[in-house]
Amino acid sequence: MTDRLYQPFVEATRSVFQLMLDLQATECPADGFSPAGVTDISVGIVGDLTGEVVYRFPEETSLNMVKIMCGMEIEAVDEFVTSAISEIANIISGNVMTLLAESDYKCDILPPAVGEETPGDYAVSSDLRISTTAGDVCLAIRLNPAG
Amino acid sequence: MLWKDKYRLGVPLIDAQHQELFSRVEAFMVTLRSDASWEEKVRKVNETLAFMKSYVVEHFRDEEQYQIDIRYPGYERHKAIHDGMVQYVSEVAEEYERRGCDEQLMQQFCGKLLAWLINHVAAEDQRLARYAIDKGVQG
């Protein structure tokens, strides 16, 4: 089950980074991912699966990705940057839901919110690290089957 | 420059409208991110917000009509995405007025608008273009 739920996150993240940012993304071990200045964007999941995915954007990654999009130098993670990376998280999550629907999981996402992961017991608890030349992003996937 | 040639769909009306949208969003962003005082930025911000409210509706209407004309099978899904954005722009405009021209709200709006527009044109609209090319109905 974990693998069936994990792969759509890999696929959607790689696809969105390629299409939106022209970045080649590779999956790598999440161990030791603890950079300073991380912005956590949480996207809730409801439906056949419940839980959340928390996108952990290090400061450097946030600034580089927004710079790619807007073509301007960005010096700090402010409301503009947080909103832009929240929308990236929203888009990836939406694409994941489309892929999960192909495996007969009907789920919806909630609007992205800045915040750390919600502690709890989850049947699926995986950390996915995606590496790009703009920096890495870690996805904390926390899901339970509904009911 | 925000606009990239890879965003071109090959449908002259839609491509021209996309370029206009990118150009307006870029001007909005440059103003918003400048070192000028908020008082100096407000006029341009108000102008952009008014433009977005009307132009987004007009562009989406034209793009949806094009999808109907070419019998695009993803029309319902695409329209739902458009409707969501129209609602978001309308809600932000109301909130902006209610808060009395709040800069933080506009910074958030601009960040989301930037990422949304790039994804929509680079991903969603390209699906439409591929369908039109495959069917030989790109116009």
# chains A, B, ... in the order shown; residues from 1 in each chain; ligands from 1
call {"tool": "closest_atom_pairs", "arguments": {"of": "chain B", "to": "chain A", "cutoff": "8 Å", "atoms": "only C-alpha atoms", "output": "Markdown table"}}
result
| residue | atom | partner | partner_atom | distance |
| --- | --- | --- | --- | --- |
| B:Met1 | CA | A:Gly71 | CA | 6.9 |
| B:Leu2 | CA | A:Cys70 | CA | 6.3 |
| B:Glu26 | CA | A:Cys70 | CA | 7.8 |
| B:Gln104 | CA | A:Glu79 | CA | 6.7 |
| B:Gln107 | CA | A:Phe80 | CA | 4.7 |
| B:Gln108 | CA | A:Phe80 | CA | 4.9 |
| B:Phe109 | CA | A:Ser83 | CA | 7.5 |
| B:Cys110 | CA | A:Phe80 | CA | 6.5 |
| B:Gly111 | CA | A:Ala84 | CA | 4.2 |
| B:Lys112 | CA | A:Ala84 | CA | 4.8 |
| B:Leu113 | CA | A:Ala84 | CA | 7.8 |
| B:Leu114 | CA | A:Ala84 | CA | 6.9 |
| B:Ala115 | CA | A:Ala84 | CA | 5.6 |
| B:Trp116 | CA | A:Glu87 | CA | 6.8 |
| B:Ile118 | CA | A:Met20 | CA | 6.2 |
| B:Asn119 | CA | A:Met20 | CA | 5.6 |
| B:Ala122 | CA | A:Leu19 | CA | 6.2 |
| B:Ala123 | CA | A:Leu19 | CA | 6.5 |
call {"tool": "write_last_selection", "arguments": {"atoms": "N, CA, C and O atoms", "output": "tab-separated table (two decimals), in the first residue's frame"}}
result
chain	number	residue	atom	x	y	z
B	1	MET	N	11.79	38.52	-18.38
B	1	MET	CA	10.45	38.46	-18.98
B	1	MET	C	9.76	37.15	-18.59
B	1	MET	O	10.34	36.08	-18.68
B	2	LEU	N	8.53	37.27	-18.11
B	2	LEU	CA	7.82	36.07	-17.65
B	2	LEU	C	7.42	35.14	-18.79
B	2	LEU	O	7.47	33.93	-18.67
B	26	GLU	N	3.46	40.53	-14.82
B	26	GLU	CA	4.85	40.94	-14.64
B	26	GLU	C	4.94	42.40	-14.17
B	26	GLU	O	5.68	42.72	-13.24
B	104	GLN	N	0.12	43.34	2.38
B	104	GLN	CA	0.41	41.93	2.63
B	104	GLN	C	-0.49	41.03	1.79
B	104	GLN	O	-0.04	40.03	1.22
B	107	GLN	N	0.75	41.00	-1.75
B	107	GLN	CA	1.97	40.18	-1.91
B	107	GLN	C	1.58	38.71	-2.02
B	107	GLN	O	2.12	37.96	-2.86
B	108	GLN	N	0.62	38.29	-1.18
B	108	GLN	CA	0.16	36.90	-1.23
B	108	GLN	C	-0.54	36.62	-2.56
B	108	GLN	O	-0.32	35.58	-3.19
B	109	PHE	N	-1.37	37.55	-2.98
B	109	PHE	CA	-2.12	37.41	-4.24
B	109	PHE	C	-1.15	37.25	-5.41
B	109	PHE	O	-1.30	36.37	-6.26
B	110	CYS	N	-0.13	38.09	-5.42
B	110	CYS	CA	0.83	38.10	-6.52
B	110	CYS	C	1.61	36.78	-6.58
B	110	CYS	O	1.83	36.22	-7.65
B	111	GLY	N	2.01	36.26	-5.42
B	111	GLY	CA	2.75	34.99	-5.37
B	111	GLY	C	1.92	33.85	-5.92
B	111	GLY	O	2.40	33.05	-6.73
B	112	LYS	N	0.68	33.78	-5.50
B	112	LYS	CA	-0.19	32.69	-5.98
B	112	LYS	C	-0.49	32.86	-7.47
B	112	LYS	O	-0.46	31.89	-8.23
B	113	LEU	N	-0.80	34.08	-7.86
B	113	LEU	CA	-1.13	34.37	-9.26
B	113	LEU	C	0.02	33.95	-10.19
B	113	LEU	O	-0.19	33.33	-11.23
B	114	LEU	N	1.24	34.29	-9.78
B	114	LEU	CA	2.42	33.95	-10.57
B	114	LEU	C	2.53	32.44	-10.79
B	114	LEU	O	2.64	31.97	-11.92
B	115	ALA	N	2.48	31.69	-9.69
B	115	ALA	CA	2.64	30.23	-9.79
B	115	ALA	C	1.45	29.61	-10.52
B	115	ALA	O	1.61	28.70	-11.34
B	116	TRP	N	0.25	30.11	-10.23
B	116	TRP	CA	-0.95	29.56	-10.88
B	116	TRP	C	-0.89	29.76	-12.39
B	116	TRP	O	-1.16	28.83	-13.15
B	118	ILE	N	1.68	30.31	-14.40
B	118	ILE	CA	2.72	29.52	-15.06
B	118	ILE	C	2.27	28.07	-15.19
B	118	ILE	O	2.36	27.47	-16.26
B	119	ASN	N	1.75	27.51	-14.12
B	119	ASN	CA	1.31	26.11	-14.20
B	119	ASN	C	0.16	25.95	-15.18
B	119	ASN	O	0.13	25.01	-15.98
B	122	ALA	N	1.58	26.44	-18.73
B	122	ALA	CA	2.63	25.46	-19.08
B	122	ALA	C	2.13	24.02	-19.03
B	122	ALA	O	2.69	23.16	-19.70
B	123	ALA	N	1.08	23.76	-18.25
B	123	ALA	CA	0.62	22.37	-18.11
B	123	ALA	C	-0.79	22.19	-18.66
B	123	ALA	O	-1.00	21.49	-19.64
call {"tool": "residues_around", "arguments": {"residues": "Gly135 in chain A", "least_positions_apart": "2", "cutoff": "10 Å", "atoms": "only C-alpha atoms", "output": "list in words"}}
result
Ala25, Phe57, Pro58, Glu59, Glu60, Thr61, Ser62, Leu63, Asn64, Met65, Ile130, Ser131, Thr132, Thr133 and Val137 of chain A
call {"tool": "select_by_dssp", "arguments": {"residues": "range 1-136 of chain A", "states": "strand (DSSP E)", "output": "VMD selection string"}}
result
chain A and resid 26 to 28 38 to 47 49 to 58 107 to 109 113 to 114 124 to 132 135 to 136
call {"tool": "residues_around", "arguments": {"residues": "range 80-83 of chain B", "least_positions_apart": "3", "cutoff": "12 Å", "atoms": "only C-alpha atoms", "output": "compact mmCIF listing (two decimals) with C-alpha atoms, in the first residue's frame"}}
result
# COMPACT_ATOMS: atom_id res chain seq x y z
CA ILE A 91 -0.52 22.10 -7.66
CA GLY A 94 -3.82 18.29 -6.95
CA VAL B 56 -9.47 37.00 -16.65
CA VAL B 57 -13.22 36.51 -17.17
CA GLU B 58 -12.96 37.64 -20.80
CA HIS B 59 -9.95 35.43 -21.55
CA PHE B 60 -11.44 32.37 -19.87
CA ARG B 61 -14.69 32.88 -21.78
CA ASP B 62 -12.83 33.00 -25.11
CA GLU B 63 -10.69 29.99 -24.22
CA GLU B 64 -13.75 28.00 -23.11
CA GLY B 74 -11.27 18.12 -20.97
CA TYR B 75 -13.61 21.11 -21.18
CA GLU B 76 -15.54 20.49 -17.91
CA ARG B 77 -12.37 20.00 -15.87
CA VAL B 86 -12.35 33.74 -11.11
CA GLN B 87 -13.80 33.14 -7.65
CA TYR B 88 -10.38 33.56 -6.02
CA VAL B 89 -9.71 36.88 -7.81
CA SER B 90 -13.15 38.12 -6.85
CA TRP B 116 -0.95 29.56 -10.88
CA LEU B 117 -0.55 31.28 -14.23
CA ASN B 119 1.31 26.11 -14.20
CA HIS B 120 -1.97 26.73 -15.97
CA VAL B 121 -0.38 27.83 -19.23
CA GLU B 124 -3.18 22.62 -18.42
CA ASP B 125 -3.31 24.70 -21.60
call {"tool": "residues_around", "arguments": {"residues": "Asp108 in chain A", "least_positions_apart": "6", "cutoff": "9 Å", "atoms": "only C-alpha atoms", "output": "list of chain:residue names"}}
result
A:Gly44, A:Ile45, A:Val46, A:Gly47, A:Asp48, A:Leu49, A:Gly94, A:Met97
call {"tool": "residues_around", "arguments": {"residues": "Ser34 in chain A", "least_positions_apart": "3", "cutoff": "10 Å", "atoms": "only C-alpha atoms", "output": "list in words"}}
result
Ala30, Asp31, Gly37, Val38, Arg56, Pro58 and Cys138 of chain A
call {"tool": "residues_around", "arguments": {"residues": "Phe9 in chain A", "least_positions_apart": "6", "cutoff": "10 Å", "atoms": "only C-alpha atoms", "output": "list of chain:residue names"}}
result
A:Ser15, A:Val53, A:Ile92, A:Ser93, A:Asn95, A:Val96, A:Met97, A:Leu99, A:Leu100, A:Leu128, A:Leu139, A:Ile141
call {"tool": "closest_residue", "arguments": {"among": "B:Val42, B:Leu128, B:Lys6, B:Leu32", "to": "Gly100 in chain B", "atoms": "only C-alpha atoms"}}
result
B:Val42
call {"tool": "select_by_dssp", "arguments": {"residues": "range 1-145 of chain A", "states": "helix (DSSP H, G or I)", "output": "PyMOL selection string"}}
result
chain A and resi 2-21+59-70+79-101
call {"tool": "write_last_selection", "arguments": {"atoms": "C-alpha atoms", "output": "PDB file, in the first residue's frame"}}
result
ATOM      1  CA  THR A   2       2.770   2.414   0.950  1.00  0.00           C
ATOM      2  CA  ASP A   3       4.420   2.087  -2.448  1.00  0.00           C
ATOM      3  CA  ARG A   4       1.118   2.624  -4.312  1.00  0.00           C
ATOM      4  CA  LEU A   5       0.587   5.848  -2.377  1.00  0.00           C
ATOM      5  CA  TYR A   6       4.199   7.012  -2.409  1.00  0.00           C
ATOM      6  CA  GLN A   7       4.882   6.836  -6.149  1.00  0.00           C
ATOM      7  CA  PRO A   8       2.197   9.371  -7.184  1.00  0.00           C
ATOM      8  CA  PHE A   9       3.930  11.964  -4.977  1.00  0.00           C
ATOM      9  CA  VAL A  10       7.265  11.258  -6.691  1.00  0.00           C
ATOM     10  CA  GLU A  11       5.722  11.395 -10.144  1.00  0.00           C
ATOM     11  CA  ALA A  12       3.663  14.556  -9.529  1.00  0.00           C
ATOM     12  CA  THR A  13       6.539  16.458  -7.901  1.00  0.00           C
ATOM     13  CA  ARG A  14       8.941  15.626 -10.720  1.00  0.00           C
ATOM     14  CA  SER A  15       6.387  16.551 -13.363  1.00  0.00           C
ATOM     15  CA  VAL A  16       5.450  19.893 -11.778  1.00  0.00           C
ATOM     16  CA  PHE A  17       9.085  20.895 -11.241  1.00  0.00           C
ATOM     17  CA  GLN A  18       9.830  20.054 -14.875  1.00  0.00           C
ATOM     18  CA  LEU A  19       6.835  21.859 -16.362  1.00  0.00           C
ATOM     19  CA  MET A  20       6.794  24.929 -14.129  1.00  0.00           C
ATOM     20  CA  LEU A  21      10.458  25.412 -13.347  1.00  0.00           C
ATOM     21  CA  GLU A  59      15.012  28.902   2.459  1.00  0.00           C
ATOM     22  CA  GLU A  60      17.481  28.525  -0.407  1.00  0.00           C
ATOM     23  CA  THR A  61      15.112  26.273  -2.356  1.00  0.00           C
ATOM     24  CA  SER A  62      12.183  28.665  -1.866  1.00  0.00           C
ATOM     25  CA  LEU A  63      14.196  31.650  -3.038  1.00  0.00           C
ATOM     26  CA  ASN A  64      15.683  29.819  -6.037  1.00  0.00           C
ATOM     27  CA  MET A  65      12.363  28.402  -7.203  1.00  0.00           C
ATOM     28  CA  VAL A  66      10.545  31.719  -6.955  1.00  0.00           C
ATOM     29  CA  LYS A  67      13.441  33.416  -8.719  1.00  0.00           C
ATOM     30  CA  ILE A  68      13.076  30.939 -11.593  1.00  0.00           C
ATOM     31  CA  MET A  69       9.384  31.764 -11.833  1.00  0.00           C
ATOM     32  CA  CYS A  70       9.551  35.541 -11.564  1.00  0.00           C
ATOM     33  CA  GLU A  79       4.433  36.645   1.976  1.00  0.00           C
ATOM     34  CA  PHE A  80       5.046  36.684  -1.794  1.00  0.00           C
ATOM     35  CA  VAL A  81       7.487  33.766  -1.673  1.00  0.00           C
ATOM     36  CA  THR A  82       5.433  31.760   0.834  1.00  0.00           C
ATOM     37  CA  SER A  83       2.327  32.200  -1.285  1.00  0.00           C
ATOM     38  CA  ALA A  84       4.141  31.132  -4.475  1.00  0.00           C
ATOM     39  CA  ILE A  85       5.611  27.962  -2.922  1.00  0.00           C
ATOM     40  CA  SER A  86       2.247  27.210  -1.285  1.00  0.00           C
ATOM     41  CA  GLU A  87       0.693  27.262  -4.741  1.00  0.00           C
ATOM     42  CA  ILE A  88       3.407  24.892  -6.007  1.00  0.00           C
ATOM     43  CA  ALA A  89       2.529  22.542  -3.122  1.00  0.00           C
ATOM     44  CA  ASN A  90      -1.159  22.925  -3.992  1.00  0.00           C
ATOM     45  CA  ILE A  91      -0.525  22.099  -7.658  1.00  0.00           C
ATOM     46  CA  ILE A  92       1.596  19.037  -6.857  1.00  0.00           C
ATOM     47  CA  SER A  93      -1.037  17.795  -4.394  1.00  0.00           C
ATOM     48  CA  GLY A  94      -3.822  18.290  -6.948  1.00  0.00           C
ATOM     49  CA  ASN A  95      -1.860  16.238  -9.475  1.00  0.00           C
ATOM     50  CA  VAL A  96      -1.272  13.535  -6.843  1.00  0.00           C
ATOM     51  CA  MET A  97      -5.043  13.294  -6.281  1.00  0.00           C
ATOM     52  CA  THR A  98      -5.548  12.808 -10.029  1.00  0.00           C
ATOM     53  CA  LEU A  99      -2.981   9.986 -10.023  1.00  0.00           C
ATOM     54  CA  LEU A 100      -4.508   8.401  -6.899  1.00  0.00           C
ATOM     55  CA  ALA A 101      -7.927   8.438  -8.571  1.00  0.00           C
TER      56      ALA A 101
END
call {"tool": "residues_around", "arguments": {"residues": "Glu52 in chain A", "least_positions_apart": "2", "cutoff": "9 Å", "atoms": "only C-alpha atoms", "output": "count of residues only"}}
result
14
